[in-house]
file entry.txt (compact mmCIF, C-alpha atoms and all ligand atoms)
# COMPACT_ATOMS: atom_id res chain seq x y z
CA MET A 39 -20.29 -22.43 -16.16
CA GLU A 40 -17.50 -22.13 -18.75
CA PRO A 41 -16.87 -18.66 -20.16
CA GLU A 42 -17.99 -17.95 -23.71
CA GLY A 43 -15.94 -16.42 -26.50
CA PRO A 44 -12.29 -16.95 -27.41
CA ALA A 45 -10.44 -18.46 -24.47
CA GLU A 46 -7.13 -16.67 -25.08
CA HIS A 47 -6.44 -13.38 -23.42
CA ARG A 48 -9.95 -12.16 -22.83
CA VAL A 49 -9.00 -11.86 -19.17
CA ALA A 50 -5.92 -9.91 -18.09
CA VAL A 51 -4.32 -9.34 -14.71
CA VAL A 52 -3.35 -5.80 -13.76
CA GLY A 53 -0.72 -5.53 -11.03
CA ALA A 54 0.38 -8.25 -8.64
CA LEU A 55 -1.98 -11.01 -7.48
CA MET A 56 -1.24 -13.91 -5.14
CA PRO A 57 0.36 -16.87 -7.02
CA PHE A 58 -2.52 -19.26 -6.29
CA PHE A 59 -5.02 -16.83 -7.81
CA ARG A 60 -2.84 -16.14 -10.85
CA ASP A 61 -2.77 -19.92 -11.39
CA TRP A 62 -6.55 -20.18 -11.05
CA LEU A 63 -7.02 -17.38 -13.60
CA ALA A 64 -4.45 -18.89 -15.97
CA ASP A 65 -6.09 -22.34 -15.76
CA ARG A 66 -9.64 -21.12 -16.22
CA TYR A 67 -9.27 -18.20 -18.65
CA ALA A 68 -5.70 -18.45 -19.98
CA ALA A 69 -5.30 -15.11 -18.24
CA ALA A 70 -1.92 -13.35 -18.24
CA SER A 71 -0.46 -10.04 -17.14
CA VAL A 72 -1.41 -7.12 -19.36
CA ALA A 73 2.27 -6.69 -20.27
CA ASP A 74 2.40 -10.27 -21.61
CA ILE A 75 -0.69 -10.01 -23.82
CA PRO A 76 0.18 -9.51 -27.50
CA ASP A 77 -3.13 -7.88 -28.49
CA PRO A 78 -4.42 -5.62 -25.67
CA ALA A 79 -7.60 -4.99 -27.67
CA ALA A 80 -8.59 -8.64 -27.03
CA VAL A 81 -8.89 -8.01 -23.31
CA ALA A 82 -12.51 -7.79 -22.15
CA VAL A 83 -12.00 -8.24 -18.42
CA ALA A 84 -9.26 -6.81 -16.21
CA VAL A 85 -8.67 -8.38 -12.79
CA VAL A 86 -7.23 -5.74 -10.51
CA GLY A 87 -5.54 -6.34 -7.20
CA PRO A 88 -4.89 -3.67 -4.60
CA GLY A 89 -2.33 -1.08 -5.62
CA PRO A 90 -2.39 -0.19 -9.30
CA THR A 91 -4.46 2.81 -10.25
CA ILE A 92 -6.94 2.22 -13.06
CA GLY A 93 -7.88 5.51 -14.69
CA ALA A 94 -8.40 6.86 -18.19
CA THR A 95 -4.81 6.08 -19.32
CA GLU A 96 -5.01 2.44 -18.27
CA MET A 97 -8.48 2.11 -19.86
CA ASP A 98 -7.17 3.68 -23.11
CA ALA A 99 -4.49 0.97 -23.19
CA LEU A 100 -7.21 -1.73 -23.20
CA PRO A 101 -9.62 -0.49 -25.90
CA GLY A 102 -11.83 -3.60 -25.76
CA LEU A 103 -12.28 -3.48 -21.98
CA GLU A 104 -15.79 -4.25 -20.78
CA ALA A 105 -15.40 -5.16 -17.10
CA ILE A 106 -13.02 -4.46 -14.22
CA THR A 107 -13.19 -7.06 -11.44
CA VAL A 108 -11.47 -5.84 -8.27
CA TYR A 109 -9.89 -8.41 -5.95
CA GLY A 110 -10.95 -6.65 -2.76
CA VAL A 111 -13.91 -4.78 -1.32
CA GLY A 112 -12.19 -1.38 -1.54
CA TYR A 113 -11.94 -0.02 -5.07
CA ASP A 114 -10.57 3.47 -4.48
CA ASN A 115 -7.78 2.65 -6.97
CA VAL A 116 -10.33 2.46 -9.82
CA ASP A 117 -11.85 5.55 -11.43
CA VAL A 118 -15.41 4.21 -11.40
CA ALA A 119 -16.92 7.38 -12.89
CA GLU A 120 -14.55 7.12 -15.89
CA ALA A 121 -15.36 3.43 -16.26
CA ALA A 122 -19.10 4.14 -16.17
CA ARG A 123 -18.66 6.89 -18.78
CA ARG A 124 -17.10 4.28 -21.09
CA GLY A 125 -19.73 1.64 -20.33
CA ILE A 126 -17.21 -0.48 -18.41
CA VAL A 127 -18.76 -2.33 -15.46
CA VAL A 128 -16.89 -2.74 -12.15
CA SER A 129 -17.21 -5.42 -9.46
CA HIS A 130 -15.62 -5.94 -6.02
CA THR A 131 -15.70 -8.58 -3.26
CA PRO A 132 -17.99 -7.46 -0.41
CA ASP A 133 -19.16 -9.65 2.50
CA VAL A 134 -16.78 -12.61 2.07
CA LEU A 135 -13.94 -10.85 3.90
CA ASP A 136 -15.92 -9.24 6.74
CA ASP A 137 -15.00 -11.82 9.39
CA ALA A 138 -11.27 -11.89 8.62
CA VAL A 139 -11.01 -8.10 8.54
CA ALA A 140 -13.04 -7.69 11.72
CA ASP A 141 -10.83 -10.30 13.45
CA LEU A 142 -7.64 -8.40 12.57
CA THR A 143 -9.25 -5.13 13.64
CA VAL A 144 -10.13 -6.59 17.04
CA ALA A 145 -6.58 -7.97 17.29
CA LEU A 146 -5.20 -4.45 16.79
CA VAL A 147 -7.62 -3.00 19.36
CA LEU A 148 -6.57 -5.66 21.88
CA ASP A 149 -2.92 -5.10 21.08
CA VAL A 150 -2.96 -1.32 21.52
CA LEU A 151 -4.85 -1.71 24.81
CA ARG A 152 -2.93 -4.68 26.28
CA GLY A 153 0.43 -4.16 24.61
CA VAL A 154 0.79 -7.72 23.31
CA THR A 155 3.48 -6.99 20.71
CA ALA A 156 5.21 -4.46 23.00
CA ALA A 157 5.26 -7.12 25.76
CA ASP A 158 6.70 -9.62 23.29
CA ARG A 159 9.51 -7.17 22.48
CA PHE A 160 9.99 -6.61 26.22
CA VAL A 161 10.47 -10.33 26.93
CA ARG A 162 12.77 -10.88 23.93
CA SER A 163 14.92 -7.90 24.89
CA GLY A 164 15.77 -9.55 28.20
CA LYS A 165 14.20 -6.76 30.26
CA TRP A 166 11.87 -9.17 32.09
CA ALA A 167 14.75 -11.51 32.95
CA ALA A 168 16.68 -8.46 34.17
CA GLY A 169 13.94 -7.67 36.68
CA GLU A 170 12.09 -4.85 34.91
CA ARG A 171 8.30 -4.67 35.09
CA PHE A 172 6.07 -4.30 32.02
CA PRO A 173 3.75 -1.28 32.51
CA LEU A 174 0.08 -1.82 33.43
CA THR A 175 -2.34 -1.75 30.48
CA ARG A 176 -6.09 -1.42 29.83
CA GLU A 177 -8.82 -4.04 29.34
CA VAL A 178 -11.43 -3.97 26.56
CA GLY A 179 -14.37 -4.23 28.97
CA ARG A 180 -15.95 -0.79 29.52
CA THR A 181 -13.55 0.78 27.00
CA ARG A 182 -15.37 3.25 24.76
CA VAL A 183 -14.77 2.26 21.12
CA GLY A 184 -15.84 4.60 18.32
CA ILE A 185 -16.35 3.00 14.91
CA LEU A 186 -15.80 5.46 12.06
CA GLY A 187 -17.67 3.81 9.16
CA LEU A 188 -20.33 1.40 10.42
CA GLY A 189 -20.71 -0.64 7.23
CA ARG A 190 -20.31 -4.40 6.73
CA ILE A 191 -16.88 -4.67 8.40
CA GLY A 192 -17.54 -1.89 10.92
CA SER A 193 -20.67 -3.71 12.12
CA ALA A 194 -18.87 -7.08 12.36
CA THR A 195 -16.14 -5.35 14.38
CA ALA A 196 -18.65 -3.60 16.65
CA GLU A 197 -20.43 -6.93 17.34
CA ARG A 198 -17.14 -8.58 18.34
CA LEU A 199 -15.97 -5.72 20.56
CA SER A 200 -19.42 -5.41 22.09
CA ALA A 201 -19.23 -9.12 23.05
CA LEU A 202 -15.93 -8.33 24.81
CA GLY A 203 -17.66 -5.64 26.87
CA ALA A 204 -16.66 -2.51 24.94
CA VAL A 205 -19.12 0.40 24.78
CA ILE A 206 -19.72 1.19 21.09
CA THR A 207 -20.43 4.55 19.47
CA TYR A 208 -20.22 5.14 15.72
CA HIS A 209 -20.19 7.71 12.99
CA SER A 210 -21.20 7.07 9.37
CA ARG A 211 -22.67 9.40 6.78
CA SER A 212 -26.11 8.52 8.14
CA PRO A 213 -27.39 6.94 11.38
CA LYS A 214 -28.26 3.21 11.28
CA ASP A 215 -30.93 1.12 13.00
CA VAL A 216 -28.48 -0.36 15.53
CA PRO A 217 -28.28 -0.50 19.35
CA TRP A 218 -25.25 1.82 19.42
CA ALA A 219 -25.14 5.60 19.85
CA TYR A 220 -24.53 7.81 16.80
CA ALA A 221 -22.01 10.64 16.84
CA ALA A 222 -22.75 13.45 14.41
CA THR A 223 -19.13 14.11 13.34
CA PRO A 224 -15.73 12.36 13.49
CA VAL A 225 -14.62 14.93 16.12
CA ASP A 226 -17.66 14.14 18.27
CA LEU A 227 -16.92 10.43 17.88
CA ALA A 228 -13.30 10.91 18.97
CA ARG A 229 -14.36 13.01 21.96
CA LEU A 230 -16.63 10.15 23.11
CA SER A 231 -14.05 7.36 22.52
CA ASP A 232 -11.00 5.75 24.11
CA VAL A 233 -10.28 3.99 20.81
CA VAL A 234 -11.36 5.17 17.35
CA VAL A 235 -11.47 2.40 14.73
CA VAL A 236 -11.45 3.60 11.11
CA LEU A 237 -13.40 1.41 8.66
CA THR A 238 -14.62 3.72 5.91
CA PRO A 239 -13.76 3.30 2.22
CA GLY A 240 -10.76 5.24 0.86
CA GLY A 241 -10.89 7.75 -2.00
CA ASP A 242 -11.67 11.45 -2.28
CA GLY A 243 -14.80 11.31 -0.11
CA THR A 244 -12.87 10.30 3.01
CA ARG A 245 -9.41 11.85 2.45
CA HIS A 246 -7.98 12.95 5.82
CA LEU A 247 -11.32 12.43 7.55
CA VAL A 248 -9.11 11.74 10.57
CA ASN A 249 -7.15 14.99 10.85
CA ARG A 250 -5.42 16.88 13.64
CA ASP A 251 -8.76 18.01 15.12
CA VAL A 252 -9.98 14.41 15.39
CA LEU A 253 -6.69 13.28 16.94
CA ASP A 254 -6.79 16.12 19.46
CA ALA A 255 -10.39 15.23 20.33
CA LEU A 256 -9.20 11.65 20.96
CA GLY A 257 -6.59 13.04 23.33
CA PRO A 258 -3.53 11.75 25.21
CA ASP A 259 -5.31 8.64 26.57
CA GLY A 260 -6.87 7.71 23.22
CA PHE A 261 -5.82 5.18 20.56
CA LEU A 262 -6.39 5.15 16.80
CA VAL A 263 -6.81 1.92 14.84
CA ASN A 264 -6.86 2.25 11.04
CA VAL A 265 -7.78 -0.77 8.91
CA ALA A 266 -9.51 1.27 6.17
CA ARG A 267 -7.06 3.03 3.84
CA GLY A 268 -3.99 5.14 4.58
CA SER A 269 -5.60 8.09 2.79
CA VAL A 270 -8.39 8.36 5.40
CA VAL A 271 -5.90 9.49 8.06
CA ASP A 272 -3.63 12.54 7.78
CA GLU A 273 -0.48 10.49 8.33
CA ASP A 274 1.79 13.48 9.07
CA ALA A 275 -0.65 14.70 11.72
CA LEU A 276 -0.83 11.17 13.15
CA VAL A 277 2.95 10.77 13.36
CA GLU A 278 3.21 14.16 15.08
CA ALA A 279 0.41 13.34 17.54
CA LEU A 280 2.08 10.01 18.41
CA ALA A 281 5.57 11.47 18.76
CA GLU A 282 4.27 14.33 20.94
CA HIS A 283 2.08 11.94 23.02
CA ARG A 284 -1.04 13.92 22.09
CA ILE A 285 -2.60 10.47 21.54
CA ALA A 286 -1.64 7.30 23.43
CA GLY A 287 -0.93 4.96 20.54
CA ALA A 288 -2.08 3.48 17.24
CA GLY A 289 -2.67 0.19 15.45
CA LEU A 290 -2.20 0.53 11.70
CA ASP A 291 -2.78 -2.00 8.91
CA VAL A 292 -2.79 0.61 6.12
CA PHE A 293 -0.53 3.52 5.18
CA ALA A 294 -0.51 6.53 2.86
CA ASP A 295 2.27 5.23 0.58
CA GLU A 296 2.37 1.43 0.92
CA PRO A 297 4.61 -0.45 1.35
CA HIS A 298 6.51 2.54 2.76
CA VAL A 299 5.93 3.26 6.43
CA PRO A 300 7.13 6.61 7.82
CA GLU A 301 10.51 6.12 9.49
CA ARG A 302 9.33 7.75 12.72
CA LEU A 303 6.52 5.21 13.13
CA LEU A 304 9.07 2.40 13.08
CA THR A 305 10.82 3.88 16.09
CA LEU A 306 7.75 4.41 18.29
CA ASP A 307 6.94 1.73 20.87
CA ASN A 308 3.27 2.77 21.20
CA VAL A 309 2.44 1.78 17.62
CA VAL A 310 1.46 -1.64 16.24
CA LEU A 311 2.14 -2.03 12.52
CA THR A 312 0.83 -4.74 10.18
CA PRO A 313 1.43 -4.93 6.39
CA HIS A 314 -2.13 -4.55 5.00
CA ILE A 315 -3.10 -8.11 5.98
CA ALA A 316 -6.63 -7.69 7.34
CA SER A 317 -8.22 -10.02 4.76
CA ALA A 318 -5.14 -12.23 4.39
CA THR A 319 -6.33 -15.65 5.53
CA VAL A 320 -6.30 -18.68 3.24
CA ALA A 321 -10.07 -19.18 3.36
CA THR A 322 -10.91 -15.51 2.83
CA ARG A 323 -8.46 -14.93 -0.01
CA GLU A 324 -9.85 -18.05 -1.74
CA ALA A 325 -13.43 -16.87 -1.20
CA MET A 326 -12.52 -13.49 -2.66
CA ALA A 327 -10.89 -15.19 -5.65
CA ARG A 328 -13.98 -17.35 -6.23
CA LEU A 329 -16.18 -14.26 -6.11
CA VAL A 330 -13.99 -12.48 -8.67
CA MET A 331 -14.32 -15.54 -10.92
CA ASP A 332 -18.10 -15.62 -10.43
CA ASN A 333 -18.15 -12.02 -11.66
CA ILE A 334 -15.89 -12.83 -14.65
CA ASP A 335 -18.05 -15.84 -15.57
CA ALA A 336 -21.23 -13.79 -15.32
CA HIS A 337 -19.83 -11.05 -17.53
CA LEU A 338 -18.41 -13.42 -20.16
CA ALA A 339 -21.76 -15.21 -20.27
CA GLY A 340 -23.56 -11.91 -20.91
CA ARG A 341 -25.13 -11.71 -17.46
CA PRO A 342 -24.94 -8.79 -14.99
CA LEU A 343 -22.06 -8.77 -12.53
CA VAL A 344 -22.74 -10.69 -9.30
CA THR A 345 -21.31 -8.02 -6.99
CA PRO A 346 -21.11 -4.71 -8.86
CA VAL A 347 -19.76 -1.72 -6.93
CA PRO A 348 -22.67 0.32 -5.53
CA GLU A 349 -22.22 3.09 -8.11
CA MET A 350 -23.18 0.52 -10.80
CA GLY A 351 -26.37 -0.46 -8.95
CA ARG A 352 -26.98 -3.86 -7.43
CA ALA A 353 -27.79 -6.63 -9.91
P1 LIG B 1 -19.15 -0.57 3.54
O1 LIG B 1 -19.46 0.19 2.30
O2 LIG B 1 -20.07 -1.66 3.98
O3 LIG B 1 -19.01 0.44 4.78
C1 LIG B 1 -18.38 1.67 4.68
C2 LIG B 1 -18.90 2.57 5.79
O4 LIG B 1 -18.18 3.81 5.71
C3 LIG B 1 -20.38 2.91 5.71
O5 LIG B 1 -20.90 2.84 7.00
C4 LIG B 1 -20.38 4.37 5.23
O6 LIG B 1 -21.43 5.13 5.77
C5 LIG B 1 -19.11 4.88 5.83
N1 LIG B 1 -18.63 6.07 5.12
C6 LIG B 1 -18.39 6.23 3.80
N2 LIG B 1 -17.98 7.49 3.56
C7 LIG B 1 -17.97 8.13 4.75
C8 LIG B 1 -17.66 9.45 5.15
N3 LIG B 1 -17.27 10.37 4.26
N4 LIG B 1 -17.79 9.77 6.45
C9 LIG B 1 -18.19 8.85 7.35
N5 LIG B 1 -18.50 7.57 7.04
C10 LIG B 1 -18.38 7.23 5.74
O7 LIG B 1 -17.68 -1.12 3.34
P2 LIG B 1 -16.98 -2.37 4.04
O8 LIG B 1 -17.32 -2.37 5.48
O9 LIG B 1 -17.22 -3.59 3.25
O10 LIG B 1 -15.43 -1.97 3.83
C11 LIG B 1 -14.93 -0.77 4.37
C12 LIG B 1 -13.52 -0.49 3.91
O11 LIG B 1 -12.59 -1.28 4.63
C13 LIG B 1 -13.20 -0.83 2.45
O12 LIG B 1 -13.70 0.14 1.55
C14 LIG B 1 -11.69 -0.85 2.47
O13 LIG B 1 -11.17 0.45 2.24
C15 LIG B 1 -11.38 -1.28 3.91
N6 LIG B 1 -10.81 -2.63 3.92
C16 LIG B 1 -9.51 -2.80 4.32
C17 LIG B 1 -8.95 -4.05 4.32
C18 LIG B 1 -7.54 -4.25 4.76
O14 LIG B 1 -6.92 -5.24 4.36
N7 LIG B 1 -6.97 -3.40 5.60
C19 LIG B 1 -9.69 -5.24 3.87
C20 LIG B 1 -11.06 -4.95 3.51
C21 LIG B 1 -11.57 -3.69 3.54
P3 LIG B 1 -22.94 5.10 5.20
O15 LIG B 1 -23.40 3.68 5.41
O16 LIG B 1 -23.67 6.06 6.05
O17 LIG B 1 -22.84 5.46 3.76
call {"tool": "encode", "arguments": {"input": "entry.txt", "output": "structure tokens"}}
result
Amino acid sequence: MEPEGPAEHRVAVVGALMPFFRDWLADRYAAASVADIPDPAAVAVAVVGPGPTIGATEMDALPGLEAITVYGVGYDNVDVAEAARRGIVVSHTPDVLDDAVADLTVALVLDVLRGVTAADRFVRSGKWAAGERFPLTREVGRTRVGILGLGRIGSATAERLSALGAVITYHSRSPKDVPWAYAATPVDLARLSDVVVVLTPGGDGTRHLVNRDVLDALGPDGFLVNVARGSVVDEDALVEALAEHRIAGAGLDVFADEPHVPERLLTLDNVVLTPHIASATVATREAMARLVMDNIDAHLAGRPLVTPVPEMGRA
């Protein structure tokens, strides 16, 4: 369905989006970056990628704003309470990225256990050719994996790892009707796990949920995999625990101050680092873009958002 109202500049892009999606938005809505829009008051819908913070100041700058459509499932960069106070609705892109994110999460779990990227570095360095042996590693089967945040992506990840023979435990704010054991706290989860996989949302409610106590409960044979948000893990405590071998290693797709990665992490061989790419497949990024556009279309046509953030209530 074509959007209603004046075509020009009702939709604005905040921050950087992938070129293909910028083109889609330009073609369909004549959308442009906020900075390139002559009359900010004309903007009814802001499309927000990961990164830029949208709070009261940014909302003040767009006085006609009615809807914020986030290109991602996590929306910790948007002050949803402030938006709600102003009657601005907010959407995100749940479900369509679960498989891609769960795949990357499993890849990181496999990598920290089997040392795939470390072995690659070992071969390239010439150590194998020189007669050195790569150290023995650990298989996924019978490994105890603790999922911190058993939501959509956490469940998809648990299903995959379970199929590979891992023994799953989880912690969320409340127990779920699932075949896996519930741990009452993150520390309990870490104590029961060889690998803790973090898949909660970011934001104030989860800041430093993984702290020194959790890392110490995981212990010197334990691994941390974080695909949630950098803010969920106390990064200083993590770097210290890794450097002092108080945990065995980590797989990290997200960081506290992206795209900056602490210098010490870059020098550690027991860490696998990826640049926030868990949902970054062609099919998934296109599905996310289509879902953002479904939300824009719905709003411009006067209908409720298709996938509002939970605080707005499901349509
Ligand atoms: P869901 O809302 O489906 O799941 C979130 C889970 O986290 C729920 O089980 C929830 O528990 C739990 N949780 C929330 N707060 C707490 C807390 N304080 N303590 C313990 N558990 C908590 O979200 P998704 O699975 O769709 O996405 C999860 C997150 O993954 C996103 O918010 C985003 O930050 C991250 N992500 C990262 C990507 C990347 O590229 N690296 C890509 C996509 C997502 P309960 O059900 O009990 O409320």
call {"tool": "closest_residue", "arguments": {"input": "entry.txt", "among": "A:Glu104, A:Asp137, A:Glu197, A:Glu273", "to": "ligand LIG 1 (chain B)", "atoms": "only C-alpha atoms and all ligand atoms"}}
result
A:Asp137
call {"tool": "atom_distance", "arguments": {"input": "entry.txt", "atom1": "atom CA of A:Gly268", "atom2": "atom C15 of ligand LIG 1 (chain B)"}}
result
9.8 Å
call {"tool": "residues_near_ligand", "arguments": {"input": "entry.txt", "ligand": "ligand LIG 1 (chain B)", "cutoff": "9 Å", "atoms": "all atoms listed in the file", "output": "PDB file with C-alpha atoms, in the frame of the given file"}}
result
ATOM      1  CA  GLY A 110     -10.950  -6.650  -2.760  1.00  0.00           C
ATOM      2  CA  VAL A 111     -13.910  -4.780  -1.320  1.00  0.00           C
ATOM      3  CA  GLY A 112     -12.190  -1.380  -1.540  1.00  0.00           C
ATOM      4  CA  TYR A 113     -11.940  -0.020  -5.070  1.00  0.00           C
ATOM      5  CA  ASP A 114     -10.570   3.470  -4.480  1.00  0.00           C
ATOM      6  CA  THR A 131     -15.700  -8.580  -3.260  1.00  0.00           C
ATOM      7  CA  PRO A 132     -17.990  -7.460  -0.410  1.00  0.00           C
ATOM      8  CA  ASP A 133     -19.160  -9.650   2.500  1.00  0.00           C
ATOM      9  CA  LEU A 135     -13.940 -10.850   3.900  1.00  0.00           C
ATOM     10  CA  ASP A 136     -15.920  -9.240   6.740  1.00  0.00           C
ATOM     11  CA  ALA A 138     -11.270 -11.890   8.620  1.00  0.00           C
ATOM     12  CA  VAL A 139     -11.010  -8.100   8.540  1.00  0.00           C
ATOM     13  CA  ALA A 140     -13.040  -7.690  11.720  1.00  0.00           C
ATOM     14  CA  LEU A 142      -7.640  -8.400  12.570  1.00  0.00           C
ATOM     15  CA  THR A 143      -9.250  -5.130  13.640  1.00  0.00           C
ATOM     16  CA  LEU A 186     -15.800   5.460  12.060  1.00  0.00           C
ATOM     17  CA  GLY A 187     -17.670   3.810   9.160  1.00  0.00           C
ATOM     18  CA  LEU A 188     -20.330   1.400  10.420  1.00  0.00           C
ATOM     19  CA  GLY A 189     -20.710  -0.640   7.230  1.00  0.00           C
ATOM     20  CA  ARG A 190     -20.310  -4.400   6.730  1.00  0.00           C
ATOM     21  CA  ILE A 191     -16.880  -4.670   8.400  1.00  0.00           C
ATOM     22  CA  GLY A 192     -17.540  -1.890  10.920  1.00  0.00           C
ATOM     23  CA  SER A 193     -20.670  -3.710  12.120  1.00  0.00           C
ATOM     24  CA  ALA A 194     -18.870  -7.080  12.360  1.00  0.00           C
ATOM     25  CA  HIS A 209     -20.190   7.710  12.990  1.00  0.00           C
ATOM     26  CA  SER A 210     -21.200   7.070   9.370  1.00  0.00           C
ATOM     27  CA  ARG A 211     -22.670   9.400   6.780  1.00  0.00           C
ATOM     28  CA  SER A 212     -26.110   8.520   8.140  1.00  0.00           C
ATOM     29  CA  PRO A 213     -27.390   6.940  11.380  1.00  0.00           C
ATOM     30  CA  LYS A 214     -28.260   3.210  11.280  1.00  0.00           C
ATOM     31  CA  THR A 223     -19.130  14.110  13.340  1.00  0.00           C
ATOM     32  CA  PRO A 224     -15.730  12.360  13.490  1.00  0.00           C
ATOM     33  CA  VAL A 236     -11.450   3.600  11.110  1.00  0.00           C
ATOM     34  CA  LEU A 237     -13.400   1.410   8.660  1.00  0.00           C
ATOM     35  CA  THR A 238     -14.620   3.720   5.910  1.00  0.00           C
ATOM     36  CA  PRO A 239     -13.760   3.300   2.220  1.00  0.00           C
ATOM     37  CA  GLY A 240     -10.760   5.240   0.860  1.00  0.00           C
ATOM     38  CA  GLY A 241     -10.890   7.750  -2.000  1.00  0.00           C
ATOM     39  CA  ASP A 242     -11.670  11.450  -2.280  1.00  0.00           C
ATOM     40  CA  GLY A 243     -14.800  11.310  -0.110  1.00  0.00           C
ATOM     41  CA  THR A 244     -12.870  10.300   3.010  1.00  0.00           C
ATOM     42  CA  ARG A 245      -9.410  11.850   2.450  1.00  0.00           C
ATOM     43  CA  LEU A 247     -11.320  12.430   7.550  1.00  0.00           C
ATOM     44  CA  ASN A 264      -6.860   2.250  11.040  1.00  0.00           C
ATOM     45  CA  VAL A 265      -7.780  -0.770   8.910  1.00  0.00           C
ATOM     46  CA  ALA A 266      -9.510   1.270   6.170  1.00  0.00           C
ATOM     47  CA  ARG A 267      -7.060   3.030   3.840  1.00  0.00           C
ATOM     48  CA  GLY A 268      -3.990   5.140   4.580  1.00  0.00           C
ATOM     49  CA  VAL A 270      -8.390   8.360   5.400  1.00  0.00           C
ATOM     50  CA  LEU A 290      -2.200   0.530  11.700  1.00  0.00           C
ATOM     51  CA  ASP A 291      -2.780  -2.000   8.910  1.00  0.00           C
ATOM     52  CA  VAL A 292      -2.790   0.610   6.120  1.00  0.00           C
ATOM     53  CA  PRO A 313       1.430  -4.930   6.390  1.00  0.00           C
ATOM     54  CA  HIS A 314      -2.130  -4.550   5.000  1.00  0.00           C
ATOM     55  CA  ILE A 315      -3.100  -8.110   5.980  1.00  0.00           C
ATOM     56  CA  ALA A 316      -6.630  -7.690   7.340  1.00  0.00           C
ATOM     57  CA  SER A 317      -8.220 -10.020   4.760  1.00  0.00           C
ATOM     58  CA  ALA A 318      -5.140 -12.230   4.390  1.00  0.00           C
ATOM     59  CA  PRO A 348     -22.670   0.320  -5.530  1.00  0.00           C
TER      60      PRO A 348
END
call {"tool": "axis_aligned_box", "arguments": {"input": "entry.txt", "around": "stretch 101-107 of chain A", "padding_each_side": "4 Å", "output": "lines of an AutoDock Vina configuration file"}}
result
center_x = -12.7
center_y = -3.8
center_z = -18.7
size_x = 14.2
size_y = 14.6
size_z = 22.5
call {"tool": "atom_distance", "arguments": {"input": "entry.txt", "atom1": "atom CA of A:Phe261", "atom2": "atom CA of A:Val216"}}
result
23.9 Å
call {"tool": "closest_residue", "arguments": {"input": "entry.txt", "among": "A:Val49, A:Ala228, A:Ala105, A:Ala94", "to": "A:Pro78", "atoms": "all atoms listed in the file"}}
result
A:Val49
call {"tool": "atom_distance", "arguments": {"input": "entry.txt", "atom1": "atom CA of A:Leu146", "atom2": "atom CA of A:Ala288"}}
result
8.5 Å
call {"tool": "closest_residue", "arguments": {"input": "entry.txt", "among": "A:Ala168, A:Leu343, A:Val271, A:Val134", "to": "A:His246", "atoms": "only C-alpha atoms"}}
result
A:Val271
call {"tool": "residues_around", "arguments": {"input": "entry.txt", "residues": "stretch 251-260 of chain A", "least_positions_apart": "6", "cutoff": "12 Å", "atoms": "all atoms listed in the file", "output": "ChimeraX atom specification"}}
result
/A:147,150-151,175-176,181-184,186,223-236,270-289,308
call {"tool": "residues_around", "arguments": {"input": "entry.txt", "residues": "A:Val118", "least_positions_apart": "6", "cutoff": "12 Å", "atoms": "only C-alpha atoms", "output": "ChimeraX atom specification"}}
result
/A:91-94,97,105-108,112,124-130,241,346-350
call {"tool": "build_atoms", "arguments": {"input": "entry.txt", "residues": "stretch 330-340 of chain A", "atoms": "N, CA and C atoms", "output": "JSON list (two decimals), in the coordinates of the input"}}
result
[["chain", "number", "residue", "atom", "x", "y", "z"],
["A", 330, "VAL", "N", -14.48, -13.16, -7.45],
["A", 330, "VAL", "CA", -13.99, -12.48, -8.67],
["A", 330, "VAL", "C", -14.32, -13.34, -9.89],
["A", 331, "MET", "N", -14.07, -14.66, -9.78],
["A", 331, "MET", "CA", -14.32, -15.54, -10.92],
["A", 331, "MET", "C", -15.81, -15.67, -11.22],
["A", 332, "ASP", "N", -16.64, -15.64, -10.20],
["A", 332, "ASP", "CA", -18.10, -15.62, -10.43],
["A", 332, "ASP", "C", -18.48, -14.38, -11.25],
["A", 333, "ASN", "N", -17.85, -13.25, -10.92],
["A", 333, "ASN", "CA", -18.15, -12.02, -11.66],
["A", 333, "ASN", "C", -17.65, -12.11, -13.10],
["A", 334, "ILE", "N", -16.43, -12.68, -13.28],
["A", 334, "ILE", "CA", -15.89, -12.83, -14.65],
["A", 334, "ILE", "C", -16.82, -13.74, -15.46],
["A", 335, "ASP", "N", -17.18, -14.89, -14.86],
["A", 335, "ASP", "CA", -18.05, -15.84, -15.57],
["A", 335, "ASP", "C", -19.36, -15.18, -15.98],
["A", 336, "ALA", "N", -19.94, -14.44, -15.03],
["A", 336, "ALA", "CA", -21.23, -13.79, -15.32],
["A", 336, "ALA", "C", -21.06, -12.84, -16.49],
["A", 337, "HIS", "N", -20.00, -12.03, -16.45],
["A", 337, "HIS", "CA", -19.83, -11.05, -17.53],
["A", 337, "HIS", "C", -19.58, -11.74, -18.88],
["A", 338, "LEU", "N", -18.72, -12.75, -18.87],
["A", 338, "LEU", "CA", -18.41, -13.42, -20.16],
["A", 338, "LEU", "C", -19.61, -14.17, -20.71],
["A", 339, "ALA", "N", -20.54, -14.52, -19.82],
["A", 339, "ALA", "CA", -21.76, -15.21, -20.27],
["A", 339, "ALA", "C", -22.88, -14.21, -20.61],
["A", 340, "GLY", "N", -22.56, -12.92, -20.54],
["A", 340, "GLY", "CA", -23.56, -11.91, -20.91],
["A", 340, "GLY", "C", -24.55, -11.58, -19.81]]
